[in-house]
file model07.txt (compact mmCIF, C-alpha atoms and all ligand atoms)
# COMPACT_ATOMS: atom_id res chain seq x y z
CA MET A 1 125.55 71.91 88.75
CA ILE A 2 125.87 68.19 89.60
CA PRO A 3 126.07 65.94 86.51
CA SER A 4 123.50 63.13 86.41
CA SER A 5 126.36 60.69 85.74
CA ILE A 6 127.29 60.90 89.44
CA PRO A 7 125.41 58.09 91.24
CA ARG A 8 122.80 59.14 93.78
CA ILE A 9 120.01 57.29 95.56
CA GLU A 10 116.94 58.79 97.25
CA LEU A 11 117.02 58.52 101.04
CA GLY A 12 115.51 61.74 102.39
CA CYS A 13 112.53 64.10 102.11
CA PHE A 14 113.41 67.19 100.11
CA PRO A 15 113.14 70.13 99.92
CA THR A 16 113.42 70.68 103.66
CA GLN A 17 111.38 73.53 105.10
CA LEU A 18 112.65 77.11 105.36
CA GLU A 19 110.92 78.54 108.43
CA ARG A 20 110.87 82.10 109.79
CA LEU A 21 111.51 82.21 113.53
CA ASN A 22 109.00 84.87 114.50
CA THR A 23 109.77 85.35 118.19
CA LEU A 24 113.54 85.33 117.87
CA SER A 25 113.42 87.59 114.81
CA LYS A 26 111.63 90.15 116.97
CA ASP A 27 113.94 89.64 119.96
CA LEU A 28 117.14 89.91 117.91
CA GLY A 29 116.02 92.62 115.45
CA ILE A 30 116.93 90.51 112.44
CA GLU A 31 114.96 88.35 110.01
CA LEU A 32 115.93 84.92 111.29
CA TYR A 33 115.10 81.80 109.29
CA VAL A 34 115.94 78.18 109.93
CA LYS A 35 116.66 75.75 107.11
CA HIS A 36 115.34 72.48 108.48
CA ASP A 37 117.99 69.93 107.58
CA ASP A 38 117.23 68.43 110.99
CA GLN A 39 114.15 67.11 109.18
CA THR A 40 115.62 65.33 106.19
CA GLY A 41 113.67 62.16 107.03
CA LEU A 42 115.36 58.74 107.38
CA ALA A 43 115.20 57.66 111.03
CA GLY A 44 115.36 61.10 112.55
CA GLY A 45 117.21 62.90 109.79
CA GLY A 46 120.09 65.34 109.97
CA ASN A 47 122.69 66.64 107.57
CA LYS A 48 124.34 63.28 106.82
CA VAL A 49 121.28 62.09 104.85
CA ARG A 50 122.11 64.39 101.91
CA LYS A 51 125.72 63.20 101.94
CA LEU A 52 124.66 59.56 102.15
CA GLU A 53 122.49 59.87 99.02
CA TYR A 54 125.76 60.26 97.09
CA LEU A 55 127.99 58.08 99.26
CA ILE A 56 125.66 55.07 99.33
CA GLY A 57 124.95 55.70 95.64
CA ASP A 58 128.69 55.37 95.01
CA ALA A 59 128.93 52.29 97.26
CA LEU A 60 126.14 50.53 95.35
CA ALA A 61 127.66 51.50 91.98
CA LYS A 62 130.88 49.84 93.20
CA GLY A 63 129.08 46.64 94.23
CA ALA A 64 129.58 47.02 97.99
CA ASP A 65 127.52 44.98 100.46
CA THR A 66 128.95 46.37 103.70
CA ILE A 67 129.35 50.01 104.74
CA ILE A 68 132.12 50.86 107.20
CA THR A 69 132.33 54.19 108.95
CA GLN A 70 133.46 55.88 112.17
CA GLY A 71 132.60 58.70 114.54
CA ALA A 72 132.51 59.80 118.16
CA VAL A 73 130.37 57.67 120.51
CA GLN A 74 127.22 59.80 120.04
CA SER A 75 127.86 60.30 116.31
CA ASN A 76 124.75 61.35 114.38
CA HIS A 77 126.60 60.39 111.22
CA VAL A 78 126.99 56.78 112.32
CA ARG A 79 123.27 56.58 113.19
CA GLN A 80 122.23 58.02 109.81
CA THR A 81 124.65 55.66 108.03
CA ALA A 82 123.21 52.68 109.93
CA ALA A 83 119.73 53.86 108.89
CA ALA A 84 120.71 54.26 105.23
CA ALA A 85 122.34 50.83 105.23
CA ALA A 86 119.25 49.25 106.82
CA LYS A 87 117.00 50.81 104.21
CA MET A 88 119.20 49.70 101.31
CA GLY A 89 119.70 46.16 102.61
CA LEU A 90 123.41 46.70 103.28
CA LYS A 91 125.40 45.70 106.36
CA CYS A 92 126.94 48.46 108.44
CA ARG A 93 129.98 48.29 110.76
CA ALA A 94 131.17 51.29 112.75
CA VAL A 95 134.07 52.22 115.01
CA LEU A 96 133.21 54.69 117.78
CA GLU A 97 135.92 56.84 119.35
CA ARG A 98 135.58 57.68 123.05
CA ARG A 99 136.47 61.26 122.17
CA ILE A 100 134.74 62.92 125.11
CA PRO A 101 136.27 62.55 128.60
CA ASN A 102 134.30 61.80 131.78
CA THR A 103 131.29 60.13 130.25
CA ASP A 104 129.58 57.31 132.11
CA ILE A 105 128.29 53.99 130.86
CA ARG A 106 124.90 55.47 129.92
CA PHE A 107 126.61 57.68 127.34
CA ASP A 108 127.71 54.49 125.51
CA GLN A 109 124.19 53.06 125.41
CA THR A 110 121.62 55.81 124.97
CA GLY A 111 120.76 58.36 122.24
CA ASN A 112 122.38 57.57 118.91
CA VAL A 113 124.11 54.41 120.23
CA PHE A 114 120.75 52.92 121.19
CA LEU A 115 119.41 53.79 117.74
CA ASN A 116 122.43 52.18 116.03
CA HIS A 117 121.50 48.91 117.71
CA LEU A 118 117.81 49.35 116.96
CA LEU A 119 118.69 49.95 113.29
CA GLY A 120 120.46 46.60 113.27
CA ILE A 121 124.07 47.69 112.95
CA ALA A 122 126.23 44.59 112.33
CA ALA A 123 129.17 45.68 114.47
CA LEU A 124 129.88 48.59 116.79
CA ARG A 125 133.39 48.77 118.25
CA PHE A 126 134.45 51.34 120.87
CA VAL A 127 138.06 52.58 120.81
CA ALA A 128 140.05 55.04 122.95
CA SER A 129 140.35 58.75 122.19
CA GLY A 130 143.18 59.49 119.76
CA THR A 131 142.98 56.10 117.99
CA ASP A 132 143.91 56.09 114.28
CA MET A 133 140.34 55.79 112.98
CA ALA A 134 141.34 55.36 109.32
CA ALA A 135 143.45 52.35 110.31
CA GLU A 136 140.58 50.92 112.37
CA MET A 137 138.24 51.18 109.37
CA GLU A 138 140.84 49.42 107.16
CA GLN A 139 140.93 46.64 109.73
CA GLU A 140 137.13 46.34 109.54
CA ALA A 141 137.38 46.26 105.73
CA ASP A 142 139.96 43.44 105.91
CA HIS A 143 137.59 41.50 108.16
CA VAL A 144 134.72 41.97 105.68
CA ARG A 145 136.88 40.87 102.73
CA ALA A 146 138.13 37.83 104.67
CA GLU A 147 134.49 36.78 105.05
CA GLY A 148 133.88 37.20 101.33
CA GLY A 149 132.12 40.57 101.52
CA THR A 150 132.72 43.82 99.62
CA PRO A 151 133.35 46.75 101.95
CA TYR A 152 132.91 50.46 101.24
CA ILE A 153 134.53 52.94 103.62
CA ILE A 154 132.77 56.23 104.38
CA PRO A 155 135.03 58.71 106.20
CA GLY A 156 133.97 60.29 109.51
CA GLY A 157 131.03 62.64 109.03
CA GLY A 158 130.71 61.44 105.42
CA SER A 159 133.06 64.28 104.56
CA ASN A 160 134.82 63.85 101.24
CA SER A 161 134.08 65.46 97.90
CA ILE A 162 131.35 62.88 97.13
CA GLY A 163 129.52 63.44 100.43
CA ALA A 164 129.88 67.22 100.15
CA LEU A 165 127.83 67.08 96.93
CA GLY A 166 124.81 66.75 99.21
CA TYR A 167 125.49 70.27 100.42
CA VAL A 168 126.02 71.61 96.93
CA ASN A 169 122.46 70.39 96.35
CA ALA A 170 121.22 71.78 99.66
CA THR A 171 122.57 75.20 98.73
CA LEU A 172 120.87 75.14 95.32
CA GLU A 173 117.65 74.14 97.11
CA LEU A 174 118.00 76.94 99.68
CA THR A 175 118.87 79.68 97.18
CA GLN A 176 115.87 78.62 95.07
CA GLN A 177 113.58 78.80 98.15
CA LEU A 178 114.93 82.27 98.96
CA ALA A 179 114.39 83.43 95.38
CA ASP A 180 110.85 82.01 95.30
CA ALA A 181 110.02 83.85 98.53
CA GLY A 182 111.64 87.07 97.31
CA LEU A 183 114.15 87.02 100.16
CA GLU A 184 117.69 88.36 99.85
CA ALA A 185 119.68 86.69 102.59
CA SER A 186 122.86 88.27 103.95
CA HIS A 187 124.24 85.49 106.11
CA ILE A 188 124.12 81.74 106.59
CA ILE A 189 125.37 80.31 109.90
CA VAL A 190 126.35 76.64 109.79
CA THR A 191 128.12 74.26 112.16
CA SER A 192 131.57 73.25 110.92
CA GLY A 193 132.77 69.82 112.02
CA SER A 194 134.20 67.22 109.67
CA SER A 195 133.82 69.97 107.01
CA GLY A 196 131.68 68.48 104.22
CA THR A 197 128.61 70.59 104.95
CA GLN A 198 130.36 73.95 104.89
CA ALA A 199 132.63 72.88 102.02
CA GLY A 200 129.71 71.89 99.79
CA MET A 201 127.86 75.09 100.62
CA ALA A 202 130.93 77.28 100.07
CA ALA A 203 131.62 75.62 96.72
CA ALA A 204 128.04 76.12 95.56
CA LEU A 205 127.77 79.74 96.74
CA ALA A 206 131.06 80.56 94.99
CA ALA A 207 129.90 78.95 91.75
CA LEU A 208 126.60 80.84 91.97
CA LYS A 209 128.55 84.08 92.58
CA SER A 210 126.27 84.60 95.57
CA SER A 211 126.75 87.56 97.88
CA ILE A 212 125.56 85.57 100.91
CA GLN A 213 128.20 85.38 103.66
CA LEU A 214 128.60 81.80 104.87
CA LEU A 215 130.06 81.52 108.38
CA GLY A 216 131.14 78.15 109.78
CA ILE A 217 131.13 77.79 113.56
CA SER A 218 133.90 75.37 114.46
CA ILE A 219 132.98 72.89 117.16
CA ARG A 220 136.32 71.09 117.42
CA GLN A 221 139.38 72.64 115.80
CA PRO A 222 141.01 76.08 116.02
CA LYS A 223 140.29 78.47 113.17
CA ALA A 224 143.43 77.94 111.06
CA ALA A 225 143.13 74.14 111.05
CA GLN A 226 139.40 74.21 110.35
CA HIS A 227 139.84 76.75 107.56
CA ALA A 228 142.49 74.59 105.90
CA LYS A 229 140.24 71.53 106.12
CA VAL A 230 137.08 73.19 104.74
CA TYR A 231 138.99 75.08 102.02
CA GLU A 232 140.74 71.90 100.84
CA GLU A 233 137.41 70.02 100.72
CA ALA A 234 135.65 72.89 98.88
CA ARG A 235 138.50 72.99 96.36
CA LYS A 236 138.10 69.25 95.70
CA VAL A 237 134.33 69.65 95.23
CA ALA A 238 134.91 72.40 92.65
CA GLU A 239 137.42 70.16 90.88
CA LEU A 240 135.01 67.21 90.82
CA LEU A 241 132.21 69.38 89.42
CA ASN A 242 134.42 71.42 87.12
CA ILE A 243 133.06 74.68 88.55
CA PRO A 244 135.04 77.83 89.45
CA PRO A 245 137.01 77.20 92.68
CA VAL A 246 136.37 78.96 95.99
CA THR A 247 138.84 81.57 97.16
CA PRO A 248 140.30 81.28 100.69
CA ASP A 249 138.26 84.30 101.89
CA GLN A 250 135.03 82.53 100.89
CA VAL A 251 135.69 80.07 103.70
CA GLN A 252 134.93 81.92 106.93
CA ILE A 253 135.40 80.23 110.29
CA ASN A 254 134.68 81.35 113.85
CA ASP A 255 136.26 79.22 116.60
CA GLN A 256 135.14 81.25 119.62
CA TYR A 257 132.31 78.94 120.72
CA ILE A 258 134.12 75.60 121.11
CA GLY A 259 134.62 75.96 124.86
CA GLU A 260 136.56 73.11 126.46
CA GLY A 261 136.37 70.91 123.41
CA TYR A 262 134.39 68.62 121.14
CA GLY A 263 131.19 67.38 122.71
CA ILE A 264 131.51 69.46 125.86
CA PRO A 265 128.64 71.97 125.94
CA THR A 266 129.45 75.41 127.39
CA SER A 267 126.98 77.40 129.50
CA GLY A 268 126.30 79.38 126.29
CA THR A 269 125.54 76.14 124.43
CA LYS A 270 123.04 75.06 127.07
CA LYS A 271 121.43 78.49 127.16
CA ALA A 272 121.09 78.55 123.35
CA ILE A 273 119.50 75.09 123.42
CA ARG A 274 116.99 76.25 126.05
CA ILE A 275 116.18 79.48 124.18
CA ALA A 276 115.64 77.67 120.87
CA ALA A 277 113.41 75.10 122.57
CA GLN A 278 111.39 77.51 124.69
CA LYS A 279 110.93 80.35 122.19
CA GLU A 280 110.67 78.42 118.91
CA ALA A 281 110.16 74.74 119.86
CA LEU A 282 113.37 74.09 117.97
CA LEU A 283 115.38 71.11 119.20
CA LEU A 284 119.11 71.71 118.91
CA ASP A 285 121.91 69.38 120.01
CA PRO A 286 124.68 69.65 122.61
CA VAL A 287 127.64 68.88 120.28
CA TYR A 288 127.00 70.82 117.07
CA THR A 289 123.96 73.03 116.55
CA GLY A 290 123.78 74.21 120.17
CA LYS A 291 127.24 75.74 119.75
CA ALA A 292 126.43 77.24 116.35
CA PHE A 293 123.19 78.74 117.67
CA ALA A 294 125.02 80.10 120.74
CA ALA A 295 127.34 81.81 118.25
CA LEU A 296 124.40 83.23 116.30
CA LEU A 297 122.75 84.64 119.45
CA ASP A 298 126.01 86.12 120.72
CA LEU A 299 126.96 87.62 117.34
CA ALA A 300 123.48 89.15 117.05
CA GLU A 301 123.85 90.69 120.48
CA LYS A 302 127.28 92.11 119.53
CA GLY A 303 125.87 93.79 116.39
CA TYR A 304 127.48 91.44 113.86
CA PHE A 305 124.27 91.53 111.80
CA LYS A 306 122.68 94.75 110.57
CA PRO A 307 119.09 95.47 111.70
CA ARG A 308 116.50 93.50 109.63
CA GLU A 309 119.19 91.57 107.77
CA ILE A 310 118.08 88.13 106.64
CA VAL A 311 120.05 85.46 108.49
CA ILE A 312 119.66 81.75 107.82
CA PHE A 313 120.50 79.20 110.48
CA MET A 314 121.31 75.87 108.83
CA HIS A 315 119.92 73.34 111.30
CA THR A 316 121.95 70.19 110.77
CA GLY A 317 120.08 67.99 113.27
CA GLY A 318 121.46 65.97 116.17
CA ALA A 319 118.65 66.15 118.75
CA PHE A 320 118.95 62.45 119.69
CA GLY A 321 122.31 63.34 121.21
CA LEU A 322 120.39 65.33 123.85
CA PHE A 323 119.40 62.10 125.59
CA ALA A 324 123.05 61.28 126.29
CA TYR A 325 123.35 64.66 128.03
CA GLU A 326 120.08 64.48 129.94
CA PRO A 327 121.66 64.47 133.43
CA GLU A 328 123.63 67.62 132.60
CA PHE A 329 120.52 69.47 131.47
CA MET A 330 117.93 68.20 133.91
CA ALA A 331 119.35 69.79 137.05
CA ASP A 332 119.13 73.27 135.48
CA LEU A 333 115.74 72.64 133.89
CA ILE A 334 114.10 71.45 137.08
CA ARG A 335 115.62 74.29 139.09
CA GLY A 336 114.28 76.58 136.32
C1 LIG A 401 127.96 66.00 111.51
C2 LIG A 401 127.16 67.10 112.05
C3 LIG A 401 127.50 68.44 111.81
C4 LIG A 401 128.76 68.85 111.12
O1 LIG A 401 128.75 68.70 109.73
P1 LIG A 401 130.12 68.45 108.98
O2 LIG A 401 129.77 68.25 107.58
O3 LIG A 401 130.73 67.24 109.64
O4 LIG A 401 130.99 69.65 109.20
C5 LIG A 401 126.67 69.44 112.28
N1 LIG A 401 125.55 69.14 112.98
C6 LIG A 401 125.20 67.87 113.25
C7 LIG A 401 123.98 67.64 114.05
C8 LIG A 401 125.99 66.80 112.80
O5 LIG A 401 125.62 65.56 113.09

call {"tool": "encode", "arguments": {"input": "model07.txt", "output": "structure tokens"}}
result
Amino acid sequence: MIPSSIPRIELGCFPTQLERLNTLSKDLGIELYVKHDDQTGLAGGGNKVRKLEYLIGDALAKGADTIITQGAVQSNHVRQTAAAAAKMGLKCRAVLERRIPNTDIRFDQTGNVFLNHLLGIAALRFVASGTDMAAEMEQEADHVRAEGGTPYIIPGGGSNSIGALGYVNATLELTQQLADAGLEASHIIVTSGSSGTQAGMAAALAALKSSIQLLGISIRQPKAAQHAKVYEEARKVAELLNIPPVTPDQVQINDQYIGEGYGIPTSGTKKAIRIAAQKEALLLDPVYTGKAFAALLDLAEKGYFKPREIVIFMHTGGAFGLFAYEPEFMADLIRG
């Protein structure tokens, strides 16, 4: 589906595992599987590794020596980009938005931020919530050019049609694994943030004429805005690959699990993280997958899935972010 003329480099370990969650399958009365894109390799892995194989491939093809990107303070994307840059001998500069209110100084230094430094990021600049991040990245690019370098800008979350190709691939990989195992899945639940993951998957499923229902759990924006964003991205992916386009109804979004906002875990998020850890030794994260898994558990309880239906949870990673939220979790955990 993806022409070999599109540049790609190898950064991760693929295929990632498709694992049946035995205890939760029994508890929920469904066949629950996790697709382990939390284990894509590369300094802790996560979903950005697949996107970066194409994005860094494109950067190298264009002769770049410095990667510029942006994200929230505890961005997993920035950490994976810093890792990819380190491995490929490129410099990396990132702008971090203080998107989450009421965080203390530790939040700026632990988890993914600590790893950015460990991975040798060349510059890490913190800016206030609501800052024009595209303009900040242009400013970084000007700085690089002024010093004689060649910058390459990767948008937040690595979400453009090039990055989303990673999730076209992931979907081909997953549908092949399902076919090999003789499994007919009904649903895939995925976190929907900057949109590239869901967009790539939606584009691939549409092109495959798959009957699997893909549901994106929004962790930031209301349904209408998130739908528009994912649909637009999926349309661009189809255009780039010259495959049949997705229809608007093939982009399904649920926005009921956001809570107070991006990066603020709800009680349901925390409970889902505990359940996944204690029943399946599955490490979720407080910003993305904890909310998507809370959605899955709640939807299962409300009868959204039919008994014994095969449901795939796309685990997109993020566990290092847990360390930035340790104080919030510890009180409950110690109290038990
Ligand atoms: C970035 C990220 C997502 C969201 O993926 P998008 O392609 O940005 O929608 C989900 N989970 C984790 C852990 C992430 O880091």

call {"tool": "residues_around", "arguments": {"input": "model07.txt", "residues": "Gln139 of chain A", "least_positions_apart": "3", "cutoff": "12 Å", "atoms": "all atoms listed in the file", "output": "ChimeraX atom specification"}}
result
/A:68-69,93-95,125,132-136,142-146,151,153

call {"tool": "residues_around", "arguments": {"input": "model07.txt", "residues": "Ile310 of chain A", "least_positions_apart": "4", "cutoff": "12 Å", "atoms": "all atoms listed in the file", "output": "list in words"}}
result
Arg20, Leu21, Ser25, Leu28, Gly29, Ile30, Glu31, Leu32, Tyr33, Val34, Leu178, Gly182, Leu183, Glu184, Ala185, Ser186, His187, Ile188, Ile189, Ile212, Gln213, Ala300, Phe305 and Lys306 of chain A

call {"tool": "residues_near_ligand", "arguments": {"input": "model07.txt", "ligand": "ligand LIG 401 (chain A)", "cutoff": "6 Å", "atoms": "all atoms listed in the file", "output": "list of chain:residue names"}}
result
A:Asn76, A:His77, A:Gly157, A:Ser159, A:Thr191, A:Ser192, A:Gly193, A:Ser194, A:Ser195, A:Gly196, A:Thr197, A:Tyr288, A:Thr289, A:Thr316, A:Gly317, A:Gly318

call {"tool": "write_last_selection", "arguments": {"input": "model07.txt", "atoms": "C-alpha atoms", "output": "PDB file, in the frame of the given file"}}
result
ATOM      1  CA  ASN A  76     124.750  61.350 114.380  1.00  0.00           C
ATOM      2  CA  HIS A  77     126.600  60.390 111.220  1.00  0.00           C
ATOM      3  CA  GLY A 157     131.030  62.640 109.030  1.00  0.00           C
ATOM      4  CA  SER A 159     133.060  64.280 104.560  1.00  0.00           C
ATOM      5  CA  THR A 191     128.120  74.260 112.160  1.00  0.00           C
ATOM      6  CA  SER A 192     131.570  73.250 110.920  1.00  0.00           C
ATOM      7  CA  GLY A 193     132.770  69.820 112.020  1.00  0.00           C
ATOM      8  CA  SER A 194     134.200  67.220 109.670  1.00  0.00           C
ATOM      9  CA  SER A 195     133.820  69.970 107.010  1.00  0.00           C
ATOM     10  CA  GLY A 196     131.680  68.480 104.220  1.00  0.00           C
ATOM     11  CA  THR A 197     128.610  70.590 104.950  1.00  0.00           C
ATOM     12  CA  TYR A 288     127.000  70.820 117.070  1.00  0.00           C
ATOM     13  CA  THR A 289     123.960  73.030 116.550  1.00  0.00           C
ATOM     14  CA  THR A 316     121.950  70.190 110.770  1.00  0.00           C
ATOM     15  CA  GLY A 317     120.080  67.990 113.270  1.00  0.00           C
ATOM     16  CA  GLY A 318     121.460  65.970 116.170  1.00  0.00           C
TER      17      GLY A 318
END

call {"tool": "closest_residue", "arguments": {"input": "model07.txt", "among": "A:Ile162, A:Ile258, A:Ala181, A:Leu284", "to": "Glu233 of chain A", "atoms": "only C-alpha atoms"}}
result
A:Ile162

call {"tool": "residues_near_point", "arguments": {"input": "model07.txt", "point": "(134.8, 67.6, 99.5)", "cutoff": "9 Å", "atoms": "all atoms listed in the file", "output": "list in words"}}
result
Ser159, Asn160, Ser161, Ile162, Gly163, Ala164, Leu165, Ser195, Gly196, Thr197, Ala199, Gly200, Val230, Tyr231, Glu232, Glu233, Ala234, Arg235, Lys236, Val237, Ala238 and Leu240 of chain A

call {"tool": "residues_around", "arguments": {"input": "model07.txt", "residues": "Leu52 of chain A", "least_positions_apart": "2", "cutoff": "8 Å", "atoms": "only C-alpha atoms", "output": "ChimeraX atom specification"}}
result
/A:11,48-50,54-57,81,84,158,163,166

call {"tool": "atom_distance", "arguments": {"input": "model07.txt", "atom1": "atom CA of Leu90 of chain A", "atom2": "atom CA of Glu147 of chain A"}}
result
15.0 Å

call {"tool": "closest_residue", "arguments": {"input": "model07.txt", "among": "A:Thr269, A:Gln226, A:Gln17, A:Gln252", "to": "Leu174 of chain A", "atoms": "only C-alpha atoms"}}
result
A:Gln17

call {"tool": "closest_residue", "arguments": {"input": "model07.txt", "among": "A:Ala228, A:Val311, A:Ile275, A:Ile154", "to": "Ala85 of chain A", "atoms": "only C-alpha atoms"}}
result
A:Ile154

call {"tool": "residues_near_point", "arguments": {"input": "model07.txt", "point": "(134.2, 53.0, 118.8)", "cutoff": "9 Å", "atoms": "only C-alpha atoms", "output": "list in words"}}
result
Gln70, Gly71, Ala72, Val73, Ala94, Val95, Leu96, Glu97, Arg98, Leu124, Arg125, Phe126, Val127, Ala128 and Met133 of chain A

call {"tool": "residues_around", "arguments": {"input": "model07.txt", "residues": "His315 of chain A", "least_positions_apart": "4", "cutoff": "6 Å", "atoms": "only C-alpha atoms", "output": "PyMOL selection string"}}
result
chain A and resi 35-38

call {"tool": "atom_distance", "arguments": {"input": "model07.txt", "atom1": "atom CA of Leu282 of chain A", "atom2": "atom CA of Arg308 of chain A"}}
result
21.4 Å

call {"tool": "atom_distance", "arguments": {"input": "model07.txt", "atom1": "atom CA of Lys87 of chain A", "atom2": "atom CA of Arg8 of chain A"}}
result
14.6 Å

call {"tool": "residues_around", "arguments": {"input": "model07.txt", "residues": "Ala272 of chain A", "least_positions_apart": "6", "cutoff": "8 Å", "atoms": "only C-alpha atoms", "output": "list in words"}}
result
Gly290, Lys291, Phe293, Ala294 and Leu297 of chain A

call {"tool": "closest_residue", "arguments": {"input": "model07.txt", "among": "A:Pro307, A:Pro327, A:Gly148, A:Pro245", "to": "Leu205 of chain A", "atoms": "all atoms listed in the file"}}
result
A:Pro245

call {"tool": "closest_residue", "arguments": {"input": "model07.txt", "among": "A:Glu19, A:Asp255, A:Phe329, A:Lys302", "to": "Ile273 of chain A", "atoms": "all atoms listed in the file"}}
result
A:Phe329

call {"tool": "closest_residue", "arguments": {"input": "model07.txt", "among": "A:Ala276, A:Leu283, A:Leu24, A:Leu296", "to": "Gln256 of chain A", "atoms": "only C-alpha atoms"}}
result
A:Leu296

call {"tool": "build_atoms", "arguments": {"input": "model07.txt", "residues": "segment 264-279 of chain A", "atoms": "N, CA and C atoms", "output": "PDB file, in the frame of the given file"}}
result
ATOM      1  N   ILE A 264     131.695  68.921 124.516  1.00  0.00           N
ATOM      2  CA  ILE A 264     131.510  69.460 125.860  1.00  0.00           C
ATOM      3  C   ILE A 264     130.738  70.770 125.751  1.00  0.00           C
ATOM      4  N   PRO A 265     129.430  70.740 126.094  1.00  0.00           N
ATOM      5  CA  PRO A 265     128.640  71.970 125.940  1.00  0.00           C
ATOM      6  C   PRO A 265     129.084  73.040 126.935  1.00  0.00           C
ATOM      7  N   THR A 266     129.138  74.292 126.491  1.00  0.00           N
ATOM      8  CA  THR A 266     129.450  75.410 127.390  1.00  0.00           C
ATOM      9  C   THR A 266     128.132  75.898 128.005  1.00  0.00           C
ATOM     10  N   SER A 267     128.223  76.846 128.942  1.00  0.00           N
ATOM     11  CA  SER A 267     126.980  77.400 129.500  1.00  0.00           C
ATOM     12  C   SER A 267     126.205  78.109 128.381  1.00  0.00           C
ATOM     13  N   GLY A 268     126.936  78.726 127.434  1.00  0.00           N
ATOM     14  CA  GLY A 268     126.300  79.380 126.290  1.00  0.00           C
ATOM     15  C   GLY A 268     125.573  78.379 125.391  1.00  0.00           C
ATOM     16  N   THR A 269     126.182  77.188 125.231  1.00  0.00           N
ATOM     17  CA  THR A 269     125.540  76.140 124.430  1.00  0.00           C
ATOM     18  C   THR A 269     124.212  75.745 125.058  1.00  0.00           C
ATOM     19  N   LYS A 270     124.262  75.523 126.372  1.00  0.00           N
ATOM     20  CA  LYS A 270     123.040  75.060 127.070  1.00  0.00           C
ATOM     21  C   LYS A 270     121.968  76.139 127.030  1.00  0.00           C
ATOM     22  N   LYS A 271     122.393  77.385 127.193  1.00  0.00           N
ATOM     23  CA  LYS A 271     121.430  78.490 127.160  1.00  0.00           C
ATOM     24  C   LYS A 271     120.791  78.594 125.766  1.00  0.00           C
ATOM     25  N   ALA A 272     121.606  78.461 124.729  1.00  0.00           N
ATOM     26  CA  ALA A 272     121.090  78.550 123.350  1.00  0.00           C
ATOM     27  C   ALA A 272     120.100  77.414 123.088  1.00  0.00           C
ATOM     28  N   ILE A 273     120.405  76.229 123.613  1.00  0.00           N
ATOM     29  CA  ILE A 273     119.500  75.090 123.420  1.00  0.00           C
ATOM     30  C   ILE A 273     118.164  75.356 124.108  1.00  0.00           C
ATOM     31  N   ARG A 274     118.230  75.930 125.323  1.00  0.00           N
ATOM     32  CA  ARG A 274     116.990  76.250 126.050  1.00  0.00           C
ATOM     33  C   ARG A 274     116.189  77.334 125.327  1.00  0.00           C
ATOM     34  N   ILE A 275     116.881  78.380 124.868  1.00  0.00           N
ATOM     35  CA  ILE A 275     116.180  79.480 124.180  1.00  0.00           C
ATOM     36  C   ILE A 275     115.491  78.967 122.913  1.00  0.00           C
ATOM     37  N   ALA A 276     116.213  78.189 122.119  1.00  0.00           N
ATOM     38  CA  ALA A 276     115.640  77.670 120.870  1.00  0.00           C
ATOM     39  C   ALA A 276     114.423  76.794 121.166  1.00  0.00           C
ATOM     40  N   ALA A 277     114.514  75.992 122.219  1.00  0.00           N
ATOM     41  CA  ALA A 277     113.410  75.100 122.570  1.00  0.00           C
ATOM     42  C   ALA A 277     112.218  75.892 123.092  1.00  0.00           C
ATOM     43  N   GLN A 278     112.481  76.852 123.971  1.00  0.00           N
ATOM     44  CA  GLN A 278     111.390  77.510 124.690  1.00  0.00           C
ATOM     45  C   GLN A 278     110.771  78.666 123.926  1.00  0.00           C
ATOM     46  N   LYS A 279     111.503  79.258 122.980  1.00  0.00           N
ATOM     47  CA  LYS A 279     110.930  80.350 122.190  1.00  0.00           C
ATOM     48  C   LYS A 279     110.436  79.908 120.812  1.00  0.00           C
TER      49      LYS A 279
END
